[in-house]
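Colleague: Have a look at this one.
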Amino acid sequence: METKKYSSYAEIERELEILKIEKQINYQKLVLSVQKTKESLEPQNIVNGFLGSYKTILSNSYIKIIQAAIPYLIAWFMNKKRGN
């Protein structure tokens with residue numbers, strides 16, 4: 001990286017402001033990326049992704065029934081593991 005030469009404090013201030021805004025933009029991109037990753041790892045989205053690949057094999061009615069039943073099965077399984 002080359003060393004920049006500034007002729008005034010105004011140029012330095014402008015450059016610092018640009019860097020500050022770029023930092024904020026990159027931070028917001030990171031936050032959005034983490035949020036999308038969290039959403040993609042939710043059980044319902046994983047099941048939807050898995051079932052989406054088998055849409056041509058199964059009819060839409062079966063997929064809707066399975067999607068409705070999955071959260072109940074997960075809850076039942078979690079309660080069974082806990083001994084409730």
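We label chains A, B, ... in the order they appear in the structure tokens, count residues from 1 in each chain, and number ligands from 1 in the order shown.
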Compile the contact shell of segment 30-43 of chain A as a PyMOL selection string: residues with an atom at most 9 Å away, counting only C-alpha atoms, same-chain residues fewer than 6 positions apart removed.
Modeller: chain A and resi 49+70-71+74
Colleague: Assign secondary structure with DSSP using the backbone only, and return the residues of segment 1-78 of chain A in helix (DSSP H, G or I) as a CSV table (one decimal) with N, CA, C and O atoms, in the first residue's frame.
Modeller:
chain,number,residue,atom,x,y,z
A,9,TYR,N,-5.5,19.6,6.0
A,9,TYR,CA,-6.2,18.8,7.0
A,9,TYR,C,-7.6,18.5,6.5
A,9,TYR,O,-8.2,17.4,6.9
A,10,ALA,N,-8.2,19.3,5.6
A,10,ALA,CA,-9.5,19.0,5.0
A,10,ALA,C,-9.5,17.7,4.2
A,10,ALA,O,-10.4,16.8,4.3
A,11,GLU,N,-8.4,17.4,3.5
A,11,GLU,CA,-8.2,16.2,2.8
A,11,GLU,C,-8.2,15.0,3.7
A,11,GLU,O,-8.8,13.9,3.5
A,12,ILE,N,-7.5,15.2,4.8
A,12,ILE,CA,-7.3,14.1,5.8
A,12,ILE,C,-8.7,13.8,6.4
A,12,ILE,O,-9.1,12.7,6.6
A,13,GLU,N,-9.4,14.9,6.8
A,13,GLU,CA,-10.7,14.7,7.4
A,13,GLU,C,-11.7,14.0,6.5
A,13,GLU,O,-12.5,13.1,6.8
A,14,ARG,N,-11.7,14.4,5.2
A,14,ARG,CA,-12.5,13.8,4.2
A,14,ARG,C,-12.2,12.3,4.0
A,14,ARG,O,-13.1,11.4,4.0
A,15,GLU,N,-10.9,11.9,4.0
A,15,GLU,CA,-10.5,10.6,3.9
A,15,GLU,C,-10.9,9.8,5.1
A,15,GLU,O,-11.4,8.6,5.0
A,16,LEU,N,-10.8,10.3,6.3
A,16,LEU,CA,-11.3,9.7,7.5
A,16,LEU,C,-12.8,9.4,7.5
A,16,LEU,O,-13.2,8.4,8.0
A,17,GLU,N,-13.5,10.4,7.0
A,17,GLU,CA,-15.0,10.3,6.9
A,17,GLU,C,-15.4,9.1,6.0
A,17,GLU,O,-16.2,8.3,6.3
A,18,ILE,N,-14.7,9.1,4.8
A,18,ILE,CA,-14.9,8.0,3.9
A,18,ILE,C,-14.6,6.6,4.5
A,18,ILE,O,-15.4,5.7,4.4
A,19,LEU,N,-13.5,6.5,5.2
A,19,LEU,CA,-13.1,5.3,5.8
A,19,LEU,C,-14.1,4.9,6.9
A,19,LEU,O,-14.5,3.7,7.1
A,20,LYS,N,-14.6,5.9,7.6
A,20,LYS,CA,-15.6,5.6,8.7
A,20,LYS,C,-16.9,5.1,8.1
A,20,LYS,O,-17.5,4.1,8.6
A,21,ILE,N,-17.3,5.7,7.0
A,21,ILE,CA,-18.6,5.2,6.3
A,21,ILE,C,-18.4,3.8,5.7
A,21,ILE,O,-19.3,2.9,5.8
A,22,GLU,N,-17.2,3.5,5.1
A,22,GLU,CA,-16.9,2.2,4.6
A,22,GLU,C,-16.9,1.2,5.7
A,22,GLU,O,-17.4,0.1,5.5
A,23,LYS,N,-16.4,1.5,6.9
A,23,LYS,CA,-16.4,0.6,8.0
A,23,LYS,C,-17.8,0.3,8.4
A,23,LYS,O,-18.1,-0.9,8.7
A,24,GLN,N,-18.7,1.3,8.5
A,24,GLN,CA,-20.1,1.1,8.9
A,24,GLN,C,-20.8,0.2,7.9
A,24,GLN,O,-21.6,-0.7,8.2
A,25,ILE,N,-20.5,0.4,6.6
A,25,ILE,CA,-21.2,-0.4,5.5
A,25,ILE,C,-20.7,-1.9,5.7
A,25,ILE,O,-21.5,-2.8,5.6
A,26,ASN,N,-19.4,-2.1,5.8
A,26,ASN,CA,-18.9,-3.4,6.0
A,26,ASN,C,-19.5,-4.1,7.2
A,26,ASN,O,-19.8,-5.3,7.2
A,27,TYR,N,-19.6,-3.4,8.3
A,27,TYR,CA,-20.2,-3.9,9.5
A,27,TYR,C,-21.6,-4.4,9.3
A,27,TYR,O,-22.1,-5.4,9.7
A,28,GLN,N,-22.4,-3.5,8.6
A,28,GLN,CA,-23.8,-3.8,8.3
A,28,GLN,C,-23.9,-5.0,7.4
A,28,GLN,O,-24.8,-5.9,7.6
A,29,LYS,N,-23.0,-5.2,6.5
A,29,LYS,CA,-23.0,-6.3,5.6
A,29,LYS,C,-22.7,-7.6,6.4
A,29,LYS,O,-23.3,-8.7,6.2
A,30,LEU,N,-21.8,-7.5,7.3
A,30,LEU,CA,-21.5,-8.6,8.2
A,30,LEU,C,-22.7,-9.0,9.1
A,30,LEU,O,-23.0,-10.2,9.2
A,31,VAL,N,-23.4,-8.0,9.6
A,31,VAL,CA,-24.5,-8.3,10.5
A,31,VAL,C,-25.6,-9.0,9.6
A,31,VAL,O,-26.2,-10.0,10.1
A,32,LEU,N,-25.9,-8.5,8.4
A,32,LEU,CA,-26.9,-9.1,7.5
A,32,LEU,C,-26.5,-10.5,7.2
A,32,LEU,O,-27.3,-11.4,7.1
A,33,SER,N,-25.2,-10.8,6.9
A,33,SER,CA,-24.8,-12.1,6.6
A,33,SER,C,-25.0,-13.1,7.7
A,33,SER,O,-25.4,-14.2,7.5
A,34,VAL,N,-24.7,-12.6,8.9
A,34,VAL,CA,-24.9,-13.5,10.1
A,34,VAL,C,-26.3,-13.8,10.3
A,34,VAL,O,-26.7,-14.9,10.6
A,35,GLN,N,-27.2,-12.8,10.1
A,35,GLN,CA,-28.6,-12.9,10.3
A,35,GLN,C,-29.2,-13.9,9.2
A,35,GLN,O,-29.9,-14.8,9.6
A,36,LYS,N,-28.7,-13.8,8.0
A,36,LYS,CA,-29.2,-14.8,7.0
A,36,LYS,C,-28.7,-16.2,7.3
A,36,LYS,O,-29.4,-17.2,7.0
A,37,THR,N,-27.5,-16.3,7.8
A,37,THR,CA,-27.0,-17.6,8.1
A,37,THR,C,-27.8,-18.2,9.3
A,37,THR,O,-28.1,-19.4,9.2
A,38,LYS,N,-28.1,-17.4,10.3
A,38,LYS,CA,-29.0,-17.9,11.4
A,38,LYS,C,-30.3,-18.4,10.9
A,38,LYS,O,-30.8,-19.5,11.3
A,39,GLU,N,-30.9,-17.6,10.0
A,39,GLU,CA,-32.2,-18.0,9.4
A,39,GLU,C,-32.1,-19.3,8.6
A,39,GLU,O,-33.0,-20.1,8.7
A,40,SER,N,-31.0,-19.5,7.9
A,40,SER,CA,-30.9,-20.7,7.1
A,40,SER,C,-30.7,-21.9,7.9
A,40,SER,O,-30.9,-23.0,7.4
A,43,PRO,N,-34.5,-25.0,12.0
A,43,PRO,CA,-35.0,-26.3,11.6
A,43,PRO,C,-36.0,-26.2,10.5
A,43,PRO,O,-36.0,-27.1,9.6
A,44,GLN,N,-37.0,-25.3,10.6
A,44,GLN,CA,-38.0,-25.3,9.5
A,44,GLN,C,-37.4,-25.0,8.1
A,44,GLN,O,-37.8,-25.6,7.1
A,45,ASN,N,-36.4,-24.1,8.1
A,45,ASN,CA,-35.8,-23.8,6.8
A,45,ASN,C,-34.9,-24.9,6.3
A,45,ASN,O,-34.8,-25.1,5.1
A,46,ILE,N,-34.3,-25.7,7.2
A,46,ILE,CA,-33.5,-26.8,6.8
A,46,ILE,C,-34.5,-27.9,6.2
A,46,ILE,O,-34.2,-28.4,5.1
A,47,VAL,N,-35.6,-28.1,6.9
A,47,VAL,CA,-36.6,-29.1,6.4
A,47,VAL,C,-37.1,-28.6,5.0
A,47,VAL,O,-37.3,-29.4,4.1
A,48,ASN,N,-37.5,-27.3,4.9
A,48,ASN,CA,-38.0,-26.8,3.7
A,48,ASN,C,-37.0,-26.9,2.5
A,48,ASN,O,-37.3,-27.3,1.4
A,49,GLY,N,-35.7,-26.7,2.8
A,49,GLY,CA,-34.7,-26.9,1.8
A,49,GLY,C,-34.6,-28.4,1.4
A,49,GLY,O,-34.4,-28.7,0.2
A,50,PHE,N,-34.6,-29.2,2.4
A,50,PHE,CA,-34.5,-30.7,2.1
A,50,PHE,C,-35.7,-31.1,1.3
A,50,PHE,O,-35.6,-31.8,0.3
A,51,LEU,N,-36.9,-30.7,1.7
A,51,LEU,CA,-38.1,-31.1,1.0
A,51,LEU,C,-38.3,-30.4,-0.3
A,51,LEU,O,-38.8,-31.0,-1.3
A,52,GLY,N,-37.7,-29.3,-0.5
A,52,GLY,CA,-37.7,-28.6,-1.7
A,52,GLY,C,-37.1,-29.3,-2.9
A,52,GLY,O,-37.5,-29.2,-4.0
A,60,ASN,N,-47.6,-31.5,-3.8
A,60,ASN,CA,-47.6,-30.3,-2.9
A,60,ASN,C,-48.4,-30.6,-1.7
A,60,ASN,O,-48.0,-30.1,-0.6
A,61,SER,N,-49.4,-31.4,-1.8
A,61,SER,CA,-50.2,-31.6,-0.6
A,61,SER,C,-49.4,-32.4,0.5
A,61,SER,O,-49.5,-32.2,1.7
A,62,TYR,N,-48.6,-33.4,0.0
A,62,TYR,CA,-47.8,-34.1,1.0
A,62,TYR,C,-46.8,-33.3,1.6
A,62,TYR,O,-46.5,-33.4,2.8
A,63,ILE,N,-46.2,-32.4,0.9
A,63,ILE,CA,-45.2,-31.5,1.4
A,63,ILE,C,-45.8,-30.6,2.5
A,63,ILE,O,-45.2,-30.4,3.5
A,64,LYS,N,-47.0,-30.0,2.2
A,64,LYS,CA,-47.6,-29.2,3.2
A,64,LYS,C,-48.0,-29.9,4.5
A,64,LYS,O,-47.8,-29.4,5.6
A,65,ILE,N,-48.4,-31.2,4.4
A,65,ILE,CA,-48.7,-32.0,5.5
A,65,ILE,C,-47.4,-32.3,6.3
A,65,ILE,O,-47.4,-32.1,7.6
A,66,ILE,N,-46.4,-32.6,5.6
A,66,ILE,CA,-45.1,-32.9,6.3
A,66,ILE,C,-44.5,-31.6,7.0
A,66,ILE,O,-44.1,-31.7,8.1
A,67,GLN,N,-44.6,-30.5,6.3
A,67,GLN,CA,-44.1,-29.2,6.9
A,67,GLN,C,-44.9,-28.8,8.1
A,67,GLN,O,-44.4,-28.3,9.0
A,68,ALA,N,-46.2,-29.1,8.1
A,68,ALA,CA,-47.0,-28.8,9.3
A,68,ALA,C,-46.7,-29.8,10.5
A,68,ALA,O,-46.7,-29.4,11.6
A,69,ALA,N,-46.3,-31.0,10.1
A,69,ALA,CA,-46.1,-32.0,11.2
A,69,ALA,C,-44.7,-31.9,11.8
A,69,ALA,O,-44.5,-32.3,12.9
A,70,ILE,N,-43.7,-31.5,11.0
A,70,ILE,CA,-42.3,-31.5,11.5
A,70,ILE,C,-42.1,-30.7,12.8
A,70,ILE,O,-41.5,-31.2,13.7
A,71,PRO,N,-42.7,-29.5,13.0
A,71,PRO,CA,-42.4,-28.8,14.3
A,71,PRO,C,-43.0,-29.6,15.5
A,71,PRO,O,-42.4,-29.6,16.5
A,72,TYR,N,-44.1,-30.3,15.3
A,72,TYR,CA,-44.7,-31.1,16.3
A,72,TYR,C,-43.8,-32.3,16.6
A,72,TYR,O,-43.6,-32.7,17.8
A,73,LEU,N,-43.3,-32.9,15.6
A,73,LEU,CA,-42.4,-34.0,15.8
A,73,LEU,C,-41.1,-33.6,16.5
A,73,LEU,O,-40.6,-34.3,17.4
A,74,ILE,N,-40.6,-32.5,16.1
A,74,ILE,CA,-39.4,-32.0,16.8
A,74,ILE,C,-39.6,-31.7,18.3
A,74,ILE,O,-38.9,-32.1,19.1
A,75,ALA,N,-40.8,-31.1,18.6
A,75,ALA,CA,-41.1,-30.8,20.0
A,75,ALA,C,-41.3,-32.0,20.7
A,75,ALA,O,-40.9,-32.2,21.9
A,76,TRP,N,-42.0,-33.0,20.1
A,76,TRP,CA,-42.3,-34.3,20.8
A,76,TRP,C,-41.0,-35.0,21.1
A,76,TRP,O,-40.7,-35.5,22.2
A,77,PHE,N,-40.1,-35.0,20.1
A,77,PHE,CA,-38.8,-35.6,20.3
A,77,PHE,C,-37.9,-34.9,21.4
A,77,PHE,O,-37.3,-35.6,22.2
A,78,MET,N,-38.0,-33.6,21.4
A,78,MET,CA,-37.2,-32.9,22.4
A,78,MET,C,-37.8,-33.2,23.8
A,78,MET,O,-37.0,-33.3,24.7
